[in-house]
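K.L.:
This one is final-v7.txt, compact mmCIF, C-alpha atoms.
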# COMPACT_ATOMS: atom_id res chain seq x y z
CA MET W 1 -43.63 108.22 198.60
CA THR W 2 -46.37 107.44 201.09
CA ILE W 3 -50.08 107.68 200.36
CA VAL W 4 -52.47 107.81 203.28
CA TRP W 5 -56.15 107.21 202.68
CA PRO W 6 -58.95 106.29 205.12
CA SER W 7 -58.66 102.57 205.52
CA ALA W 8 -60.74 99.58 206.59
CA GLU W 9 -57.70 97.82 208.05
CA PRO W 10 -58.05 95.99 211.39
CA VAL W 11 -57.47 98.15 214.44
CA PRO W 12 -54.01 96.68 215.27
CA ALA W 13 -52.82 97.37 211.71
CA LEU W 14 -54.15 100.92 211.87
CA ALA W 15 -52.45 101.49 215.21
CA ALA W 16 -49.13 100.37 213.73
CA ARG W 17 -49.57 102.62 210.72
CA ASP W 18 -50.45 105.58 212.93
CA ALA W 19 -47.35 105.01 215.04
CA GLU W 20 -45.26 105.01 211.87
CA LEU W 21 -47.06 108.15 210.70
CA ARG W 22 -46.33 110.00 213.95
CA ALA W 23 -42.69 108.95 213.76
CA SER W 24 -42.37 110.46 210.28
CA PHE W 25 -43.48 113.85 211.68
CA SER W 26 -41.62 113.63 215.00
CA HIS W 27 -39.02 116.17 213.87
CA VAL W 28 -41.60 118.79 212.80
CA ASP W 29 -42.05 121.88 214.97
CA VAL W 30 -43.50 124.29 212.37
CA TRP W 31 -46.81 123.48 210.68
CA VAL W 32 -47.67 125.47 207.55
CA PHE W 33 -51.15 125.49 206.01
CA ASP W 34 -52.53 126.82 202.78
CA LEU W 35 -55.96 128.42 203.22
CA ASP W 36 -58.43 127.94 200.37
CA ASN W 37 -59.61 124.35 199.82
CA THR W 38 -57.21 123.26 202.58
CA LEU W 39 -58.52 124.59 205.89
CA TYR W 40 -62.04 124.21 204.56
CA PRO W 41 -63.21 121.27 202.40
CA SER W 42 -63.17 121.39 198.61
CA ASP W 43 -66.95 121.00 198.40
CA SER W 44 -67.41 124.38 200.09
CA ASP W 45 -68.74 127.08 197.75
CA LEU W 46 -66.25 129.67 199.01
CA TRP W 47 -63.72 129.34 196.22
CA LEU W 48 -66.50 129.40 193.61
CA LYS W 49 -67.59 132.77 195.00
CA ILE W 50 -64.06 134.16 194.82
CA ASP W 51 -63.64 132.76 191.32
CA ALA W 52 -66.85 134.48 190.20
CA ARG W 53 -65.72 137.79 191.70
CA ILE W 54 -62.44 137.58 189.77
CA THR W 55 -64.40 137.05 186.54
CA LEU W 56 -66.58 140.05 187.35
CA PHE W 57 -63.56 142.23 188.12
CA LEU W 58 -62.02 141.50 184.73
CA ALA W 59 -65.33 142.01 182.92
CA GLU W 60 -65.74 145.46 184.48
CA PHE W 61 -62.06 146.42 184.12
CA PHE W 62 -61.86 145.56 180.41
CA GLY W 63 -65.51 146.15 179.49
CA ILE W 64 -65.89 142.65 178.06
CA ASP W 65 -68.51 139.93 178.32
CA GLY W 66 -68.44 137.20 180.94
CA LEU W 67 -67.18 134.41 178.67
CA SER W 68 -64.26 136.52 177.40
CA SER W 69 -63.48 137.63 180.94
CA ARG W 70 -63.41 134.05 182.20
CA ALA W 71 -61.10 132.91 179.41
CA LEU W 72 -58.72 135.79 180.11
CA GLN W 73 -58.85 135.07 183.84
CA LYS W 74 -57.83 131.44 183.35
CA PHE W 75 -55.09 132.43 180.92
CA TYR W 76 -53.56 134.80 183.45
CA TYR W 77 -53.94 132.28 186.25
CA GLN W 78 -52.15 129.47 184.44
CA ARG W 79 -49.42 131.69 182.99
CA TYR W 80 -48.63 133.83 186.05
CA GLY W 81 -49.80 131.78 189.05
CA THR W 82 -52.60 134.20 189.94
CA THR W 83 -54.90 136.41 187.90
CA LEU W 84 -53.64 139.34 189.94
CA ARG W 85 -50.05 138.71 188.88
CA GLY W 86 -51.10 138.68 185.24
CA LEU W 87 -52.97 141.96 185.61
CA MET W 88 -49.98 143.52 187.32
CA MET W 89 -47.53 142.29 184.68
CA GLU W 90 -49.61 143.34 181.70
CA HIS W 91 -51.80 146.19 182.99
CA ASP W 92 -51.66 149.01 185.51
CA ILE W 93 -54.03 147.89 188.23
CA SER W 94 -54.22 148.44 191.98
CA PRO W 95 -53.48 145.16 193.82
CA GLN W 96 -55.31 146.46 196.90
CA GLU W 97 -58.43 147.23 194.88
CA PHE W 98 -58.37 143.81 193.24
CA LEU W 99 -57.88 141.90 196.49
CA ALA W 100 -60.59 143.84 198.30
CA PHE W 101 -63.05 143.27 195.42
CA VAL W 102 -62.53 139.54 194.85
CA HIS W 103 -62.58 138.66 198.56
CA ASP W 104 -65.76 140.61 199.24
CA ILE W 105 -67.87 137.47 199.53
CA ASP W 106 -70.50 135.89 201.76
CA ARG W 107 -68.84 133.44 204.19
CA SER W 108 -72.04 132.50 206.02
CA GLY W 109 -71.88 128.97 204.57
CA LEU W 110 -68.74 128.27 206.58
CA LYS W 111 -69.31 126.76 210.01
CA PRO W 112 -66.90 126.49 212.93
CA ASN W 113 -64.91 123.26 212.84
CA HIS W 114 -64.12 122.68 216.48
CA SER W 115 -62.67 119.23 215.85
CA LEU W 116 -60.15 120.60 213.35
CA ALA W 117 -59.33 123.47 215.71
CA GLY W 118 -58.61 120.97 218.46
CA ALA W 119 -56.40 118.87 216.21
CA ILE W 120 -54.37 121.92 215.11
CA ALA W 121 -54.06 123.12 218.70
CA LYS W 122 -52.53 119.78 219.71
CA LEU W 123 -49.79 119.95 217.08
CA PRO W 124 -46.45 120.56 218.83
CA GLY W 125 -44.82 123.82 217.84
CA ARG W 126 -45.76 126.80 215.69
CA LYS W 127 -48.64 127.02 213.20
CA LEU W 128 -48.71 129.43 210.24
CA ILE W 129 -50.87 130.13 207.20
CA LEU W 130 -49.20 130.63 203.79
CA THR W 131 -51.70 131.79 201.18
CA ASN W 132 -51.87 133.41 197.75
CA GLY W 133 -54.91 135.31 199.02
CA SER W 134 -55.03 138.43 201.15
CA ARG W 135 -54.44 138.63 204.89
CA GLU W 136 -57.93 140.03 205.43
CA HIS W 137 -59.48 137.12 203.53
CA ALA W 138 -57.47 134.62 205.56
CA LEU W 139 -58.39 136.29 208.85
CA ARG W 140 -62.11 136.46 208.09
CA THR W 141 -62.22 132.91 206.76
CA ALA W 142 -60.26 131.45 209.68
CA GLU W 143 -62.53 133.30 212.09
CA LYS W 144 -65.66 131.79 210.50
CA LEU W 145 -64.05 128.35 210.81
CA GLY W 146 -63.17 128.97 214.45
CA LEU W 147 -59.46 128.62 213.64
CA HIS W 148 -58.23 132.22 213.98
CA GLU W 149 -56.68 131.65 217.42
CA MET W 150 -54.80 128.56 216.26
CA PHE W 151 -52.23 130.39 214.13
CA GLU W 152 -49.26 132.53 215.04
CA ASP W 153 -49.41 134.57 211.84
CA ILE W 154 -50.51 134.72 208.20
CA PHE W 155 -48.10 135.14 205.29
CA ASP W 156 -50.24 136.48 202.45
CA ILE W 157 -49.73 137.60 198.86
CA VAL W 158 -48.77 141.12 199.99
CA ALA W 159 -46.10 139.76 202.33
CA ALA W 160 -44.88 137.75 199.33
CA ASP W 161 -44.37 141.03 197.43
CA LEU W 162 -47.32 139.96 195.25
CA LEU W 163 -45.34 137.00 193.84
CA PRO W 164 -47.50 133.90 194.34
CA LYS W 165 -46.69 130.33 195.17
CA PRO W 166 -45.07 128.26 193.71
CA ALA W 167 -42.28 130.83 193.17
CA ALA W 168 -39.14 129.85 195.08
CA GLU W 169 -38.61 133.49 196.13
CA THR W 170 -41.95 133.50 197.92
CA TYR W 171 -41.07 130.50 200.07
CA GLN W 172 -37.70 132.04 200.88
CA ARG W 173 -39.38 135.27 201.98
CA PHE W 174 -41.68 133.19 204.16
CA PHE W 175 -38.79 131.23 205.72
CA ASP W 176 -36.81 134.41 206.36
CA LYS W 177 -39.69 136.43 207.81
CA HIS W 178 -40.78 133.74 210.24
CA GLY W 179 -37.43 132.12 210.97
CA VAL W 180 -38.54 128.75 209.63
CA GLU W 181 -36.03 125.95 209.17
CA PRO W 182 -37.61 123.98 206.28
CA SER W 183 -36.18 120.63 207.39
CA ARG W 184 -38.21 120.95 210.62
CA ALA W 185 -41.46 122.03 208.96
CA ALA W 186 -44.47 120.45 207.25
CA MET W 187 -46.74 121.98 204.63
CA PHE W 188 -50.37 121.17 203.80
CA GLU W 189 -51.69 122.15 200.34
CA ASP W 190 -54.42 121.29 197.85
CA ILE W 191 -52.31 121.98 194.72
CA ALA W 192 -49.44 119.60 194.08
CA HIS W 193 -47.08 121.96 192.24
CA ASN W 194 -47.16 124.32 195.24
CA LEU W 195 -45.36 121.59 197.17
CA GLU W 196 -42.40 121.21 194.79
CA VAL W 197 -40.21 123.92 196.36
CA PRO W 198 -41.13 123.02 199.96
CA HIS W 199 -40.16 119.39 199.32
CA ALA W 200 -36.91 120.44 197.63
CA ARG W 201 -36.10 122.57 200.69
CA GLY W 202 -36.70 119.62 203.02
CA MET W 203 -40.24 120.19 204.26
CA ARG W 204 -42.59 117.28 204.89
CA THR W 205 -45.31 117.71 202.22
CA VAL W 206 -48.99 116.75 202.44
CA LEU W 207 -51.42 117.06 199.54
CA ILE W 208 -55.15 117.27 200.29
CA ALA W 209 -57.17 115.71 197.48
CA PRO W 210 -60.99 115.47 197.32
CA LYS W 211 -62.61 112.13 197.96
CA PRO W 212 -63.95 110.27 194.91
CA GLY W 213 -67.25 111.89 194.02
CA GLN W 214 -66.55 114.98 196.13
CA ALA W 215 -66.72 118.37 194.40
CA ASP W 216 -63.32 119.50 193.12
CA HIS W 217 -63.06 123.17 192.13
CA ARG W 218 -59.41 123.06 191.06
CA GLU W 219 -58.49 123.75 187.44
CA ALA W 220 -57.88 120.69 185.27
CA TRP W 221 -54.15 121.40 185.10
CA GLU W 222 -53.96 121.63 188.90
CA LYS W 223 -55.38 118.17 189.52
CA THR W 224 -53.04 115.29 190.23
CA PHE W 225 -54.08 111.76 189.34
CA ALA W 226 -50.75 110.11 190.11
CA ALA W 227 -48.94 111.03 193.31
CA PRO W 228 -45.80 113.00 192.36
CA ALA W 229 -42.45 112.27 193.98
CA HIS W 230 -42.40 115.63 195.78
CA VAL W 231 -45.54 114.76 197.78
CA ASP W 232 -44.92 112.71 200.90
CA PHE W 233 -48.55 112.09 201.81
CA VAL W 234 -51.86 112.32 199.94
CA ILE W 235 -54.89 112.62 202.19
CA GLU W 236 -58.62 113.09 201.78
CA ASN W 237 -59.44 114.73 205.08
CA LEU W 238 -57.19 117.15 206.98
CA GLU W 239 -59.06 116.83 210.25
CA THR W 240 -58.84 113.02 210.31
CA PHE W 241 -55.16 113.08 209.37
CA LEU W 242 -54.21 115.55 212.11
CA HIS W 243 -56.11 113.55 214.71
CA ARG W 244 -54.09 110.51 213.66
CA LEU W 245 -50.94 112.56 214.20
CA THR W 246 -52.07 113.71 217.64
CA PRO W 247 -54.07 110.91 219.29
CA ALA W 248 -55.94 111.61 222.49
CA ALA W 249 -53.93 110.88 225.62
Would you put the structure from the file into structure tokens?

P.N.:
Amino acid sequence: MTIVWPSAEPVPALAARDAELRASFSHVDVWVFDLDNTLYPSDSDLWLKIDARITLFLAEFFGIDGLSSRALQKFYYQRYGTTLRGLMMEHDISPQEFLAFVHDIDRSGLKPNHSLAGAIAKLPGRKLILTNGSREHALRTAEKLGLHEMFEDIFDIVAADLLPKPAAETYQRFFDKHGVEPSRAAMFEDIAHNLEVPHARGMRTVLIAPKPGQADHREAWEKTFAAPAHVDFVIENLETFLHRLTPAA
């Protein structure tokens, strides 16, 4: 288990650590990224907007008040992995209608991250997005971030046959569709239990955790306070970490 945090170590010590870090990823030629709270920072308001739209969808679908809708939403999310999965398992809803409604949000608060785009572009090999959201949401969000040209493809919840991470079947569908050999791939995520299957299959796993004091919109049961054995690296900042992996020539 290796934990990587920003450090005040002397430059020679940092250089040695970075060399060791690059060596641990030298076999990787497929780079897999979650979308929400991974490719944009956790203190963005984007996920809060999606979360509020999910609450509204349930309130209108069931004709209930906001507090009841929110409680039901969180129950479905924890039990089934996504609220959508719970609605599909227990009620007859249109997945397309749900996804279109909850991702109909204002993304104007997102700004292009040219530094992150450059770091991703320098990674050797293929780059893919694996998300429990919709393809349209991923495309529009990546475009606002200036990252849409960095990725070969997006594997979304529809491609997963509406079975969300962390289901083992979803990762297998992803591997099969894109011809990914897990032992030569790395995955970046903000939720630790979504890295269990990737680690078991041989992927290098990186958990992105908010800095102390930084807004954290994850559910209480999603937060990790002790680094689990299936996480190879815990980082605070994706951009900084990738630049350490791909130093300027």

K.L.:
Which residues, protein or nucleic acid, reach to within 10 Å of (-56.3, 135.0, 205.7) in the file's coordinates when using all atoms listed in the file, and can you give that as a list of chain:residue names?

P.N.:
W:Asp34, W:Leu35, W:Asp36, W:Ile129, W:Leu130, W:Thr131, W:Asn132, W:Gly133, W:Ser134, W:Arg135, W:Glu136, W:His137, W:Ala138, W:Leu139, W:Arg140, W:Thr141, W:Ala142, W:Glu143, W:His148, W:Asp153, W:Ile154, W:Phe155, W:Asp156, W:Ile157

K.L.:
Quick one: residues within 9 Å of (-65.5, 131.7, 196.6) (file frame), counting all atoms listed in the file, please, as an NGL selection string.

P.N.:
:W and (36 or 44-53 or 102-103 or 105-107)

K.L.:
Check the smallest atom-to-atom distance from each of W:Leu207, W:Ala186, W:Leu123, W:Leu116 to W:Tyr40 using all atoms listed in the file, then report the winner.

P.N.:
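Of W:Leu207, W:Ala186, W:Leu123, W:Leu116, the one nearest W:Tyr40 is W:Leu116, counting all atoms listed in the file.
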
K.L.:
Just how far from atom CA of W:Ala185 is atom CA of W:Val28, in Å to one decimal?

P.N.:
5.0 Å

K.L.:
Kindly give the distance, in Å, that separates atom CA of W:Arg204 and atom CA of W:Asp29, rounded to a single decimal.

P.N.:
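Atom-to-atom, atom CA of W:Arg204 to atom CA of W:Asp29, that is 11.1 Å.
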
K.L.:
Calculated over all atoms listed in the file, which of the candidates W:Val206, W:Ala71, W:Leu162, W:Val32 has the smallest distance to W:Val234?

P.N.:
W:Val206

K.L.:
To test the calculation: enclose all listed atoms of stretch 187-190 of chain W in a box whose edges run along x, y and z, add 5 Å on each side, then state centre and edge lengths in Å to one decimal, as lines of an AutoDock Vina configuration file.

P.N.:
center_x = -50.6
center_y = 121.7
center_z = 201.2
size_x = 17.7
size_y = 11.0
size_z = 16.8

K.L.:
Give me the residues near W:Phe75 as an MDAnalysis selection string, where near means some atom within 12 Å (using only C-alpha atoms) and where sequence neighbours in that chain fewer than 2 positions away do not count.

P.N.:
chainID W and resid 55 68:73 77:87 219 221

K.L.:
If we count only C-alpha atoms, what is near W:Asn37 at a cut-off of 10 Å, once residues fewer than 5 positions away on the same chain are taken out, given as an NGL selection string?

P.N.:
:W and (42-47 or 189-191 or 208-210 or 216-218)

K.L.:
Of the candidates W:Ala100, W:Ala227, W:Ala159, W:Val180, which one gets nearest to W:Val30 if we count all atoms listed in the file?

P.N.:
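Among W:Ala100, W:Ala227, W:Ala159, W:Val180, it is W:Val180 that comes nearest to W:Val30.
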
K.L.:
Could you add the missing atoms to stretch 112-136 of chain W, up to N, CA and C atoms, and return them as a CSV table (one decimal), in the coordinates of the input?

P.N.:
chain,number,residue,atom,x,y,z
W,112,PRO,N,-68.1,126.8,212.1
W,112,PRO,CA,-66.9,126.5,212.9
W,112,PRO,C,-66.6,125.0,212.9
W,113,ASN,N,-65.3,124.7,212.8
W,113,ASN,CA,-64.9,123.3,212.8
W,113,ASN,C,-64.1,123.1,214.1
W,114,HIS,N,-64.8,122.8,215.2
W,114,HIS,CA,-64.1,122.7,216.5
W,114,HIS,C,-63.2,121.5,216.6
W,115,SER,N,-63.5,120.4,215.8
W,115,SER,CA,-62.7,119.2,215.8
W,115,SER,C,-61.3,119.5,215.2
W,116,LEU,N,-61.4,120.2,214.0
W,116,LEU,CA,-60.2,120.6,213.4
W,116,LEU,C,-59.3,121.6,214.2
W,117,ALA,N,-60.0,122.5,214.8
W,117,ALA,CA,-59.3,123.5,215.7
W,117,ALA,C,-58.6,122.7,216.8
W,118,GLY,N,-59.2,121.7,217.4
W,118,GLY,CA,-58.6,121.0,218.5
W,118,GLY,C,-57.4,120.2,218.0
W,119,ALA,N,-57.5,119.6,216.8
W,119,ALA,CA,-56.4,118.9,216.2
W,119,ALA,C,-55.2,119.8,215.9
W,120,ILE,N,-55.5,121.0,215.4
W,120,ILE,CA,-54.4,121.9,215.1
W,120,ILE,C,-53.7,122.4,216.4
W,121,ALA,N,-54.6,122.7,217.4
W,121,ALA,CA,-54.1,123.1,218.7
W,121,ALA,C,-53.1,122.1,219.3
W,122,LYS,N,-53.4,120.8,219.1
W,122,LYS,CA,-52.5,119.8,219.7
W,122,LYS,C,-51.2,119.6,219.0
W,123,LEU,N,-51.0,120.1,217.8
W,123,LEU,CA,-49.8,120.0,217.1
W,123,LEU,C,-48.7,120.6,217.9
W,124,PRO,N,-47.5,120.0,218.1
W,124,PRO,CA,-46.4,120.6,218.8
W,124,PRO,C,-45.7,121.6,218.0
W,125,GLY,N,-45.6,122.8,218.5
W,125,GLY,CA,-44.8,123.8,217.8
W,125,GLY,C,-45.7,124.9,217.3
W,126,ARG,N,-45.1,125.6,216.3
W,126,ARG,CA,-45.8,126.8,215.7
W,126,ARG,C,-46.7,126.4,214.5
W,127,LYS,N,-47.7,127.2,214.3
W,127,LYS,CA,-48.6,127.0,213.2
W,127,LYS,C,-48.8,128.3,212.4
W,128,LEU,N,-48.7,128.3,211.1
W,128,LEU,CA,-48.7,129.4,210.2
W,128,LEU,C,-49.6,129.2,209.0
W,129,ILE,N,-50.1,130.2,208.5
W,129,ILE,CA,-50.9,130.1,207.2
W,129,ILE,C,-50.0,130.8,206.1
W,130,LEU,N,-49.9,130.1,205.0
W,130,LEU,CA,-49.2,130.6,203.8
W,130,LEU,C,-50.2,130.6,202.6
W,131,THR,N,-50.6,131.7,202.2
W,131,THR,CA,-51.7,131.8,201.2
W,131,THR,C,-51.4,132.8,200.1
W,132,ASN,N,-51.9,132.5,198.9
W,132,ASN,CA,-51.9,133.4,197.8
W,132,ASN,C,-53.0,134.4,197.8
W,133,GLY,N,-53.8,134.3,198.8
W,133,GLY,CA,-54.9,135.3,199.0
W,133,GLY,C,-54.4,136.4,199.9
W,134,SER,N,-55.4,137.3,200.3
W,134,SER,CA,-55.0,138.4,201.2
W,134,SER,C,-55.1,138.1,202.6
W,135,ARG,N,-54.4,138.8,203.4
W,135,ARG,CA,-54.4,138.6,204.9
W,135,ARG,C,-55.9,138.8,205.4
W,136,GLU,N,-56.6,139.8,205.0
W,136,GLU,CA,-57.9,140.0,205.4
W,136,GLU,C,-58.8,138.9,205.1
